[in-house]
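Data from my_file.pdb: PDB, C-alpha atoms
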ATOM      1  CA  MET A 254      34.786  -7.180 -56.646
ATOM      2  CA  ARG A 255      32.605  -4.114 -57.163
ATOM      3  CA  ARG A 256      29.237  -5.271 -55.911
ATOM      4  CA  GLU A 257      28.089  -4.322 -52.428
ATOM      5  CA  THR A 258      27.129  -7.966 -51.931
ATOM      6  CA  LEU A 259      30.766  -9.111 -52.005
ATOM      7  CA  GLY A 260      31.338  -9.322 -48.227
ATOM      8  CA  PRO A 261      28.143 -11.191 -47.274
ATOM      9  CA  VAL A 262      28.522 -13.565 -50.244
ATOM     10  CA  VAL A 263      32.081 -14.594 -49.322
ATOM     11  CA  GLU A 264      31.141 -14.873 -45.639
ATOM     12  CA  THR A 265      28.210 -17.223 -46.285
ATOM     13  CA  ALA A 266      30.289 -19.261 -48.747
ATOM     14  CA  LEU A 267      32.996 -19.774 -46.124
ATOM     15  CA  ALA A 268      30.385 -20.808 -43.561
ATOM     16  CA  ALA A 269      28.844 -23.220 -46.096
ATOM     17  CA  VAL A 270      32.093 -25.174 -46.624
ATOM     18  CA  SER A 271      33.546 -24.890 -43.108
ATOM     19  CA  GLU A 272      32.341 -28.304 -41.940
ATOM     20  CA  ARG A 273      33.418 -30.132 -45.108
ATOM     21  CA  ASP A 274      37.128 -29.299 -45.236
ATOM     22  CA  GLY A 275      36.361 -27.141 -48.254
ATOM     23  CA  GLU A 276      37.807 -23.945 -49.661
ATOM     24  CA  VAL A 277      36.404 -20.801 -51.231
ATOM     25  CA  ILE A 278      38.169 -19.456 -54.309
ATOM     26  CA  LEU A 279      37.372 -15.876 -55.295
ATOM     27  CA  VAL A 280      38.505 -15.100 -58.843
ATOM     28  CA  ALA A 281      38.773 -11.362 -59.461
ATOM     29  CA  ASN A 282      38.852 -10.269 -63.093
ATOM     30  CA  GLY A 283      38.739  -6.990 -64.942
ATOM     31  CA  ALA A 284      40.255  -3.658 -63.923
ATOM     32  CA  LYS A 285      41.406  -3.214 -60.335
ATOM     33  CA  GLU A 286      40.122   0.346 -60.090
ATOM     34  CA  GLY A 287      36.876   0.620 -58.162
ATOM     35  CA  ARG A 288      37.116  -2.736 -56.419
ATOM     36  CA  ARG A 289      35.744  -3.120 -52.917
ATOM     37  CA  ARG A 290      38.083  -4.025 -50.109
ATOM     38  CA  LEU A 291      37.487  -7.524 -48.779
ATOM     39  CA  GLU A 292      37.946  -7.438 -45.016
ATOM     40  CA  LEU A 293      37.483 -11.177 -44.490
ATOM     41  CA  ARG A 294      40.508 -13.351 -43.853
ATOM     42  CA  SER A 295      40.474 -17.131 -43.640
ATOM     43  CA  PRO A 296      42.882 -20.022 -44.306
ATOM     44  CA  ASN A 297      40.049 -21.498 -46.402
ATOM     45  CA  LEU A 298      39.829 -18.439 -48.676
ATOM     46  CA  ARG A 299      42.006 -17.855 -51.733
ATOM     47  CA  VAL A 300      41.788 -14.770 -53.964
ATOM     48  CA  LEU A 301      43.071 -15.276 -57.511
ATOM     49  CA  GLU A 302      43.486 -12.818 -60.372
ATOM     50  CA  CYS A 303      42.173 -13.268 -63.906
ATOM     51  CA  ALA A 304      43.363 -10.890 -66.632
ATOM     52  CA  THR A 305      40.441 -11.674 -68.955
ATOM     53  CA  PRO A 306      37.218  -9.795 -68.056
ATOM     54  CA  ARG A 307      34.902 -12.681 -68.906
ATOM     55  CA  THR A 308      33.018 -14.944 -66.542
ATOM     56  CA  GLY A 309      34.071 -18.062 -68.427
ATOM     57  CA  ALA A 310      37.754 -17.220 -68.035
ATOM     58  CA  ALA A 311      37.352 -16.677 -64.289
ATOM     59  CA  ARG A 312      35.495 -19.963 -63.893
ATOM     60  CA  ASN A 313      38.197 -21.825 -65.790
ATOM     61  CA  ILE A 314      40.879 -20.474 -63.464
ATOM     62  CA  GLY A 315      38.861 -21.589 -60.458
ATOM     63  CA  LEU A 316      38.297 -24.991 -62.012
ATOM     64  CA  GLY A 317      41.991 -25.453 -62.671
ATOM     65  CA  GLU A 318      43.221 -24.165 -59.300
ATOM     66  CA  ALA A 319      40.703 -25.918 -57.028
ATOM     67  CA  ALA A 320      42.236 -28.292 -54.477
ATOM     68  CA  ASN A 321      39.318 -30.742 -54.655
ATOM     69  CA  ASP A 322      37.647 -32.637 -57.465
ATOM     70  CA  LEU A 323      34.173 -31.601 -56.230
ATOM     71  CA  VAL A 324      33.858 -28.045 -57.558
ATOM     72  CA  ILE A 325      30.790 -25.848 -57.047
ATOM     73  CA  PHE A 326      30.360 -22.482 -58.755
ATOM     74  CA  THR A 327      28.298 -19.497 -57.657
ATOM     75  CA  ASP A 328      28.299 -15.758 -58.362
ATOM     76  CA  ASP A 329      29.205 -12.681 -56.345
ATOM     77  CA  ASP A 330      25.552 -11.779 -55.776
ATOM     78  CA  CYS A 331      24.327 -15.112 -54.372
ATOM     79  CA  LEU A 332      24.024 -16.230 -50.746
ATOM     80  CA  VAL A 333      24.535 -19.994 -50.356
ATOM     81  CA  SER A 334      23.901 -22.325 -47.429
ATOM     82  CA  PRO A 335      25.642 -25.334 -45.846
ATOM     83  CA  GLU A 336      22.662 -27.499 -46.860
ATOM     84  CA  TRP A 337      23.045 -26.401 -50.495
ATOM     85  CA  VAL A 338      26.697 -27.485 -50.443
ATOM     86  CA  ALA A 339      25.890 -30.743 -48.624
ATOM     87  CA  ARG A 340      23.144 -31.894 -50.971
ATOM     88  CA  ILE A 341      25.076 -30.995 -54.135
ATOM     89  CA  SER A 342      28.227 -32.666 -52.808
ATOM     90  CA  ARG A 343      26.226 -35.793 -51.999
ATOM     91  CA  ARG A 344      25.088 -36.033 -55.628
ATOM     92  CA  LEU A 345      28.618 -35.538 -56.927
ATOM     93  CA  ALA A 346      30.084 -38.062 -54.490
ATOM     94  CA  GLY A 347      27.421 -40.508 -55.653
ATOM     95  CA  GLY A 348      28.774 -40.414 -59.204
ATOM     96  CA  ALA A 349      27.045 -37.467 -60.896
ATOM     97  CA  ALA A 350      29.379 -35.558 -63.227
ATOM     98  CA  ALA A 351      27.373 -32.320 -63.124
ATOM     99  CA  VAL A 352      24.617 -30.999 -60.863
ATOM    100  CA  ALA A 353      22.311 -27.974 -61.066
ATOM    101  CA  THR A 354      19.869 -26.246 -58.737
ATOM    102  CA  SER A 355      17.462 -23.376 -59.179
ATOM    103  CA  LEU A 356      17.985 -19.892 -57.719
ATOM    104  CA  LYS A 357      15.643 -18.018 -55.407
ATOM    105  CA  MET A 358      15.250 -14.329 -56.162
ATOM    106  CA  ARG A 359      15.109 -11.705 -53.441
ATOM    107  CA  ARG A 360      12.057  -9.765 -54.539
ATOM    108  CA  ASP A 361      12.358  -6.094 -53.626
ATOM    109  CA  GLY A 362       9.842  -4.663 -56.080
ATOM    110  CA  PRO A 363       8.360  -5.036 -59.582
ATOM    111  CA  ILE A 364      11.737  -5.401 -61.373
ATOM    112  CA  THR A 365      13.164  -8.283 -59.350
ATOM    113  CA  THR A 366       9.746  -9.925 -59.128
ATOM    114  CA  PHE A 367       9.389  -9.672 -62.919
ATOM    115  CA  ILE A 368      12.771 -11.383 -63.421
ATOM    116  CA  ASP A 369      11.731 -14.123 -61.012
ATOM    117  CA  TYR A 370       8.377 -14.477 -62.728
ATOM    118  CA  GLN A 371      10.037 -14.933 -66.114
ATOM    119  CA  ARG A 372      12.067 -17.813 -64.634
ATOM    120  CA  ILE A 373      15.315 -16.321 -65.945
ATOM    121  CA  PHE A 374      17.320 -18.238 -63.344
ATOM    122  CA  GLU A 375      15.609 -21.619 -63.633
ATOM    123  CA  PRO A 376      17.700 -24.310 -65.365
ATOM    124  CA  PRO A 377      15.659 -25.461 -68.402
ATOM    125  CA  PRO A 378      14.438 -28.994 -67.739
ATOM    126  CA  ILE A 379      14.784 -32.056 -69.918
ATOM    127  CA  ASP A 380      12.797 -34.093 -67.419
ATOM    128  CA  ALA A 381      12.272 -34.158 -63.646
ATOM    129  CA  GLU A 382      15.807 -35.435 -63.043
ATOM    130  CA  THR A 383      17.950 -33.626 -65.633
ATOM    131  CA  VAL A 384      18.320 -30.185 -67.234
ATOM    132  CA  HIS A 385      19.782 -28.871 -70.473
ATOM    133  CA  PHE A 386      22.315 -26.773 -68.571
ATOM    134  CA  ALA A 387      22.909 -25.285 -65.144
ATOM    135  CA  ILE A 388      22.608 -21.556 -64.501
ATOM    136  CA  GLY A 389      26.098 -20.154 -63.898
ATOM    137  CA  ALA A 390      25.406 -19.213 -60.275
ATOM    138  CA  SER A 391      24.727 -22.837 -59.348
ATOM    139  CA  ILE A 392      26.917 -25.257 -61.309
ATOM    140  CA  ALA A 393      28.583 -28.222 -59.639
ATOM    141  CA  VAL A 394      30.954 -30.672 -61.350
ATOM    142  CA  ARG A 395      33.221 -33.617 -60.712
ATOM    143  CA  ARG A 396      36.451 -32.329 -62.222
ATOM    144  CA  ASP A 397      37.825 -35.859 -62.492
ATOM    145  CA  LEU A 398      34.853 -36.943 -64.637
ATOM    146  CA  ILE A 399      34.626 -34.090 -67.146
ATOM    147  CA  THR A 400      36.831 -32.628 -69.856
ATOM    148  CA  ALA A 401      34.659 -29.595 -70.665
ATOM    149  CA  VAL A 402      35.764 -26.040 -69.887
ATOM    150  CA  PHE A 403      33.883 -22.738 -70.032
ATOM    151  CA  ASP A 404      33.869 -20.703 -73.224
ATOM    152  CA  GLU A 405      35.915 -17.515 -72.774
ATOM    153  CA  ASP A 406      34.822 -15.704 -75.948
ATOM    154  CA  ILE A 407      31.334 -14.536 -74.978
ATOM    155  CA  PRO A 408      30.216 -12.016 -72.328
ATOM    156  CA  ALA A 409      27.404 -14.259 -71.086
ATOM    157  CA  GLY A 410      26.006 -17.670 -71.916
ATOM    158  CA  ASP A 411      29.153 -19.640 -71.126
ATOM    159  CA  ASP A 412      26.977 -21.744 -68.815
ATOM    160  CA  VAL A 413      24.762 -22.663 -71.800
ATOM    161  CA  LEU A 414      27.742 -23.788 -73.877
ATOM    162  CA  PHE A 415      29.249 -25.609 -70.908
ATOM    163  CA  GLY A 416      26.053 -27.616 -70.504
ATOM    164  CA  ALA A 417      26.018 -28.326 -74.244
ATOM    165  CA  SER A 418      29.611 -29.618 -74.049
ATOM    166  CA  LEU A 419      28.657 -31.949 -71.213
ATOM    167  CA  SER A 420      25.676 -33.191 -73.190
ATOM    168  CA  ASP A 421      27.861 -33.757 -76.265
ATOM    169  CA  ALA A 422      30.117 -35.912 -74.081
ATOM    170  CA  GLY A 423      27.137 -37.975 -72.923
ATOM    171  CA  LEU A 424      27.147 -36.519 -69.399
ATOM    172  CA  PRO A 425      23.729 -35.442 -68.095
ATOM    173  CA  THR A 426      23.372 -32.478 -65.742
ATOM    174  CA  ILE A 427      21.403 -33.727 -62.729
ATOM    175  CA  TYR A 428      18.789 -31.438 -61.185
ATOM    176  CA  ALA A 429      18.987 -31.435 -57.375
ATOM    177  CA  ALA A 430      15.438 -30.383 -56.514
ATOM    178  CA  ASP A 431      15.999 -31.046 -52.811
ATOM    179  CA  ALA A 432      18.880 -28.553 -52.477
ATOM    180  CA  PRO A 433      17.825 -25.181 -51.006
ATOM    181  CA  PRO A 434      18.537 -22.691 -53.808
ATOM    182  CA  PRO A 435      20.961 -19.798 -53.358
ATOM    183  CA  LEU A 436      19.371 -16.393 -52.718
ATOM    184  CA  HIS A 437      20.051 -14.158 -55.716
ATOM    185  CA  LEU A 438      20.539 -10.513 -54.674
ATOM    186  CA  VAL A 439      19.679  -8.736 -57.926
ATOM    187  CA  PRO A 440      19.356  -4.938 -57.488
ATOM    188  CA  GLU A 441      15.899  -3.411 -57.808
ATOM    189  CA  ARG A 442      17.054  -1.218 -60.691
ATOM    190  CA  LEU A 443      15.968  -1.130 -64.312
ATOM    191  CA  GLU A 444      19.511  -1.950 -65.478
ATOM    192  CA  SER A 445      18.996  -5.370 -63.912
ATOM    193  CA  VAL A 446      16.679  -5.956 -66.878
ATOM    194  CA  THR A 447      18.144  -3.788 -69.635
ATOM    195  CA  GLU A 448      21.866  -4.515 -69.190
ATOM    196  CA  ARG A 449      21.239  -8.171 -68.412
ATOM    197  CA  PHE A 450      19.062  -8.785 -71.472
ATOM    198  CA  PHE A 451      21.412  -6.804 -73.712
ATOM    199  CA  ARG A 452      24.191  -9.231 -72.711
ATOM    200  CA  TYR A 453      21.844 -12.146 -73.356
ATOM    201  CA  GLY A 454      21.167 -10.819 -76.867
ATOM    202  CA  THR A 455      24.860 -10.300 -77.589
ATOM    203  CA  SER A 456      25.741 -13.782 -76.416
ATOM    204  CA  ASN A 457      22.818 -15.307 -78.295
ATOM    205  CA  ALA A 458      24.103 -13.914 -81.591
ATOM    206  CA  LYS A 459      27.637 -15.115 -80.931
ATOM    207  CA  VAL A 460      26.464 -18.560 -79.825
ATOM    208  CA  LEU A 461      24.432 -18.867 -83.029
ATOM    209  CA  LEU A 462      26.756 -17.296 -85.583
ATOM    210  CA  GLU A 463      30.204 -18.108 -84.155
ATOM    211  CA  LYS A 464      29.551 -21.317 -82.231
ATOM    212  CA  GLY A 465      26.958 -22.833 -84.560
ATOM    213  CA  ARG A 466      24.413 -23.586 -81.830
ATOM    214  CA  VAL A 467      21.223 -23.112 -83.848
ATOM    215  CA  ALA A 468      18.993 -23.879 -80.862
ATOM    216  CA  SER A 469      19.919 -20.479 -79.412
ATOM    217  CA  ALA A 470      18.625 -18.499 -82.396
ATOM    218  CA  ILE A 471      15.934 -15.834 -82.042
ATOM    219  CA  PRO A 472      13.596 -16.733 -84.918
ATOM    220  CA  TYR A 473      11.457 -13.608 -84.633
ATOM    221  CA  ALA A 474      14.268 -11.024 -84.362
ATOM    222  CA  ARG A 475      13.547  -9.119 -87.592
ATOM    223  CA  GLY A 476       9.788  -8.990 -87.176
ATOM    224  CA  MET A 477       9.844  -7.933 -83.543
ATOM    225  CA  TYR A 478      12.560  -5.333 -84.149
ATOM    226  CA  ARG A 479      10.536  -3.786 -86.943
ATOM    227  CA  ALA A 480       7.410  -3.756 -84.773
ATOM    228  CA  ILE A 481       9.207  -2.142 -81.821
ATOM    229  CA  CYS A 482      10.701   0.569 -84.055
ATOM    230  CA  ARG A 483       7.183   1.453 -85.265
ATOM    231  CA  ASN A 484       5.668   1.119 -81.781
ATOM    232  CA  GLU A 485       3.390  -1.535 -83.270
ATOM    233  CA  VAL A 486       4.181  -4.703 -81.313
ATOM    234  CA  GLU A 487       1.502  -7.050 -82.595
ATOM    235  CA  ALA A 488       1.358  -9.462 -79.689
ATOM    236  CA  PRO A 489       2.585  -7.773 -76.499
ATOM    237  CA  ARG A 490       2.568  -9.852 -73.357
ATOM    238  CA  ARG A 491      -0.325  -8.617 -71.239
ATOM    239  CA  PHE A 492       0.193 -10.798 -68.150
ATOM    240  CA  GLU A 493      -3.545 -11.335 -67.977
ATOM    241  CA  GLU A 494      -3.035 -14.141 -65.484
ATOM    242  CA  MET A 495      -2.273 -11.587 -62.765
ATOM    243  CA  ALA A 496      -5.167 -10.186 -60.750
ATOM    244  CA  ASP A 497      -3.809  -6.709 -59.977
ATOM    245  CA  PRO A 498      -4.015  -4.364 -63.017
ATOM    246  CA  ASN A 499      -1.101  -2.212 -61.795
ATOM    247  CA  VAL A 500       1.180  -5.248 -61.541
ATOM    248  CA  ARG A 501       0.100  -6.299 -65.021
ATOM    249  CA  GLU A 502       0.981  -2.872 -66.403
ATOM    250  CA  ALA A 503       4.394  -2.794 -64.718
ATOM    251  CA  PHE A 504       5.251  -6.299 -65.921
ATOM    252  CA  ALA A 505       4.093  -5.532 -69.479
ATOM    253  CA  ALA A 506       6.356  -2.462 -69.575
ATOM    254  CA  LEU A 507       9.334  -4.425 -68.261
ATOM    255  CA  ASP A 508       8.674  -7.172 -70.806
ATOM    256  CA  VAL A 509       8.959  -4.670 -73.675
ATOM    257  CA  CYS A 510      12.163  -3.279 -72.110
ATOM    258  CA  ALA A 511      13.594  -6.803 -71.966
ATOM    259  CA  ALA A 512      12.603  -7.547 -75.563
ATOM    260  CA  GLY A 513      14.089  -4.292 -76.825
ATOM    261  CA  SER A 514      17.312  -4.874 -74.904
ATOM    262  CA  VAL A 515      17.834  -8.442 -76.057
ATOM    263  CA  LEU A 516      17.157  -7.463 -79.667
ATOM    264  CA  ALA A 517      19.517  -4.477 -79.487
ATOM    265  CA  GLY A 518      22.288  -6.713 -78.169
ATOM    266  CA  TYR A 519      21.470  -9.456 -80.660
ATOM    267  CA  LEU A 520      21.409  -7.226 -83.741
ATOM    268  CA  ASP A 521      24.477  -5.234 -82.693
ATOM    269  CA  ALA A 522      26.548  -8.389 -82.139
ATOM    270  CA  ALA A 523      25.185 -10.106 -85.249
ATOM    271  CA  GLY A 524      26.226  -7.117 -87.357
ATOM    272  CA  ARG A 525      29.733  -7.236 -85.924
ATOM    273  CA  VAL A 526      30.043 -10.948 -86.611
ATOM    274  CA  LEU A 527      28.654 -10.608 -90.147
ATOM    275  CA  GLY A 528      30.672  -7.485 -90.924
ATOM    276  CA  THR A 529      27.700  -5.259 -91.712
ATOM    277  CA  GLU A 530      25.858  -2.721 -89.576
ATOM    278  CA  LEU A 531      22.376  -4.040 -88.784
ATOM    279  CA  VAL A 532      21.518  -1.517 -86.072
ATOM    280  CA  ARG A 533      23.249   1.645 -84.868
ATOM    281  CA  LEU A 534      23.039   2.004 -81.114
ATOM    282  CA  ASP A 535      22.361   5.413 -79.567
ATOM    283  CA  PRO A 536      23.702   5.056 -75.999
ATOM    284  CA  GLU A 537      22.593   8.526 -74.924
ATOM    285  CA  GLY A 538      19.126   8.021 -76.342
ATOM    286  CA  LEU A 539      18.843   4.629 -74.694
ATOM    287  CA  GLU A 540      19.991   6.026 -71.360
ATOM    288  CA  ALA A 541      17.428   8.830 -71.559
ATOM    289  CA  GLY A 542      14.706   6.358 -72.390
ATOM    290  CA  TRP A 543      15.601   3.956 -69.578
ATOM    291  CA  THR A 544      15.785   6.877 -67.143
ATOM    292  CA  GLU A 545      12.234   7.897 -68.054
ATOM    293  CA  VAL A 546      10.971   4.317 -67.739
ATOM    294  CA  GLU A 547      12.640   3.988 -64.342
ATOM    295  CA  ARG A 548      11.123   7.287 -63.216
ATOM    296  CA  ARG A 549       7.650   6.041 -64.076
ATOM    297  CA  LEU A 550       8.302   2.707 -62.391
ATOM    298  CA  SER A 551       9.355   4.562 -59.238
ATOM    299  CA  GLU A 552       5.826   5.959 -59.050
ATOM    300  CA  PHE A 553       4.400   2.447 -59.052
ATOM    301  CA  VAL A 554       2.956   1.433 -55.696
ATOM    302  CA  TRP A 555       1.715  -1.987 -54.670
ATOM    303  CA  ASP A 556       0.692  -2.557 -51.070
ATOM    304  CA  GLY A 557       1.293  -6.298 -50.991
ATOM    305  CA  ASP A 558       4.340  -8.384 -50.124
ATOM    306  CA  TRP A 559       6.267  -9.102 -53.314
ATOM    307  CA  HIS A 560       7.303 -12.510 -52.019
ATOM    308  CA  GLU A 561       3.620 -13.346 -51.587
ATOM    309  CA  LEU A 562       2.495 -12.113 -55.001
ATOM    310  CA  PRO A 563       0.270 -14.847 -56.446
ATOM    311  CA  LEU A 564       1.829 -16.068 -59.683
ATOM    312  CA  ASP A 565      -0.049 -18.326 -62.058
ATOM    313  CA  PHE A 566       2.692 -19.464 -64.425
ATOM    314  CA  ASP A 567       0.312 -21.433 -66.632
ATOM    315  CA  GLY A 568      -2.481 -18.867 -66.777
ATOM    316  CA  TRP A 569      -1.191 -17.094 -69.871
ATOM    317  CA  ARG A 570      -1.584 -20.290 -71.892
ATOM    318  CA  ARG A 571      -5.332 -20.303 -71.324
ATOM    319  CA  PRO A 572      -7.317 -18.618 -74.126
ATOM    320  CA  HIS A 573      -8.822 -15.193 -73.555
ATOM    321  CA  VAL A 574     -11.387 -13.403 -75.672
ATOM    322  CA  THR A 575      -9.130 -10.362 -75.971
ATOM    323  CA  ARG A 576      -6.019 -12.269 -76.975
ATOM    324  CA  ARG A 577      -4.596 -11.613 -80.414
ATOM    325  CA  ALA A 578      -3.476 -14.237 -82.873
ATOM    326  CA  ALA A 579      -0.683 -16.590 -81.854
ATOM    327  CA  LEU A 580       2.952 -15.728 -82.547
ATOM    328  CA  ALA A 581       3.436 -18.845 -84.686
ATOM    329  CA  PRO A 582       2.600 -17.175 -88.052
ATOM    330  CA  MET A 583       5.001 -14.285 -87.355
ATOM    331  CA  ILE A 584       7.771 -16.666 -86.309
ATOM    332  CA  ALA A 585       7.221 -18.817 -89.392
ATOM    333  CA  GLU A 586       7.320 -15.765 -91.655
ATOM    334  CA  ASN A 587      10.667 -14.631 -90.262
TER     335      ASN A 587
END
Would you put the structure from the file into structure tokens?
Amino acid sequence: MRRETLGPVVETALAAVSERDGEVILVANGAKEGRRRLELRSPNLRVLECATPRTGAARNIGLGEAANDLVIFTDDDCLVSPEWVARISRRLAGGAAAVATSLKMRRDGPITTFIDYQRIFEPPPIDAETVHFAIGASIAVRRDLITAVFDEDIPAGDDVLFGASLSDAGLPTIYAADAPPPLHLVPERLESVTERFFRYGTSNAKVLLEKGRVASAIPYARGMYRAICRNEVEAPRRFEEMADPNVREAFAALDVCAAGSVLAGYLDAAGRVLGTELVRLDPEGLEAGWTEVERRLSEFVWDGDWHELPLDFDGWRRPHVTRRAALAPMIAEN
């Protein structure tokens, strides 16, 4: 309950369920200091407390306390619509045990557009009808048809493990392509990349080393970490598929920030799990570095509409004369 998006998110959620005899459950976890005051009042709104500061724990409380068997999850920075609720509910009422949708990013500049471009909030597909797992901000389940709960031990990635548990139980997660995706209000700040990808790295290590989910491993961690430390990344992403050279440069810089962050989180958490220090984090040095990167990004100017930026997702797969050797040999070596 610290984000400035709290009020609008709860308001749109209440409007989305108002015609379906639904309820909105807000689960507040973590310290109470610094929380925003929620002015909204409604008989369809319940605010619950969760003592464990993990997303999975909060979701489990909501799942257990919900009055209905059709349960839809979203996050405190997502605006949802009545049509989103209606189309997901229709799938669940039709017998689906779990449903997923994509998220639509609000693009306010190069950082949020970069995250959108990388498809961070797209559920990974198995085929046109099903996905491996739903992104946490858009998970819908039939509580009476599932036994899975969210993992409470990891700071992020509980949605990945939840989807894996459903798959283990033989329950596919249906992709509702016709549901209008929630609007994700990610701040146009560098920490939206660095802090987010650090959590992804931490969770990735725990999912691999503590949960035994080998599919979540980072096979090139050692090689890329060594290359970043020496400022000798052998195959940096150049985003050559983008026409504007300034956009390419901004995206390439953000891509290195993301890679460095995910590896820092991964190696730090892996060392803790294994009981040996693999990397020693320098928070002050990192903060100084991110501040300088953000200062340079603030000087970046692009005259176009970020929502209209032409994105060729498949362009980077096409060969270019200037492209270096493929990553496959490096991955195999490590």
Could you jot down the atom CA of Asn484 of chain A to atom CA of Val509 of chain A separation for me, Å, one decimal place?
10.5 Å
How would you write, as JSON, numbers by chain, the residues chosen by the PyMOL selection byres ((chain A and resi 257) around 12) on this structure?
{"A": [254, 255, 256, 258, 259, 260, 261, 262, 263, 287, 288, 289, 290, 291, 329, 330, 331, 438, 439, 440]}
What's the 8 Å shell around Trp559 of chain A, counting all atoms listed in the file, without same-chain residues fewer than 2 positions away, as a ChimeraX atom specification?
/A:360-363,366,557,561-562
Taking all atoms of segment 425-431 of chain A that the file lists, what box with edges along x, y and z, padded by 3 Å per side, do you get, with centre and edge lengths in Å to one decimal, as AutoDock Vina command-line options?
--center_x 19.6 --center_y -32.9 --center_z -60.5 --size_x 14.3 --size_y 11.1 --size_z 21.3
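Take atom CA of Pro306 of chain A and atom CA of Leu527 of chain A: the distance between them is 23.7 Å.
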Could you expand the PyMOL selection byres ((chain A and resi 367-369) around 12) into the explicit residues it covers here, written as JSON, numbers by chain?
{"A": [355, 356, 357, 358, 359, 360, 361, 362, 363, 364, 365, 366, 370, 371, 372, 373, 374, 375, 436, 437, 438, 439, 440, 441, 442, 443, 444, 445, 446, 447, 449, 450, 492, 495, 500, 501, 502, 503, 504, 505, 506, 507, 508, 509, 510, 511, 559, 560, 562, 564, 566]}
I would like the residues chosen by the PyMOL selection byres ((chain A and resi 536-542) around 12) on the shown file; could you give them as a count of residues only?
19
Residues at most 12 Å from Pro296 of chain A, counting all atoms listed in the file, excluding those fewer than 4 positions away in the same chain, as a list in words?
Leu267, Ser271, Asp274, Gly275, Glu276, Val277, Ile278 and Val300 of chain A
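The nearest approach to Ala320 of chain A among the residues A:Ala512, A:Ile388, A:Leu298, A:Ala430, with only C-alpha atoms taken into account, belongs to A:Leu298.
Residues within 8 Å of segment 452-463 of chain A, counting all atoms listed in the file and excluding same-chain residues fewer than 3 positions away, are Ile407, Pro408, Ala409, Gly410, Glu448, Arg449, Arg466, Val467, Ala468, Ser469, Ala470, Ile471, Ser514, Val515, Leu516, Ala517, Gly518, Tyr519, Leu520, Asp521, Ala522, Ala523 and Val526 of chain A.
Between atom CA of Gly423 of chain A and atom CA of Asp322 of chain A lies a distance of 19.4 Å.
Take the candidates A:Asn282, A:Asp328, A:Ser551, A:Ala346 and check each one against Ala266 of chain A using all atoms listed in the file; the shortest distance goes to A:Asp328.
Among the candidates A:Ala401, A:Val554, A:Val270, A:Leu531, the residue lying nearest to Asn313 of chain A is A:Ala401 (atoms considered: all atoms listed in the file).
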Can you list, as a ChimeraX atom specification, every protein, DNA or RNA residue that comes within 9 Å of Ala310 of chain A when you count all atoms listed in the file, leaving out same-chain residues fewer than 5 positions away?
/A:282,303-305,315,403-406
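Using all atoms listed in the file, the contacts of Leu323 of chain A at a cut-off of 8 Å, with sequence neighbours closer than 2 positions omitted, comprise Asn321, Ile325, Ser342, Leu345, Ala346, Ala393, Val394, Arg395 and Arg396 of chain A.
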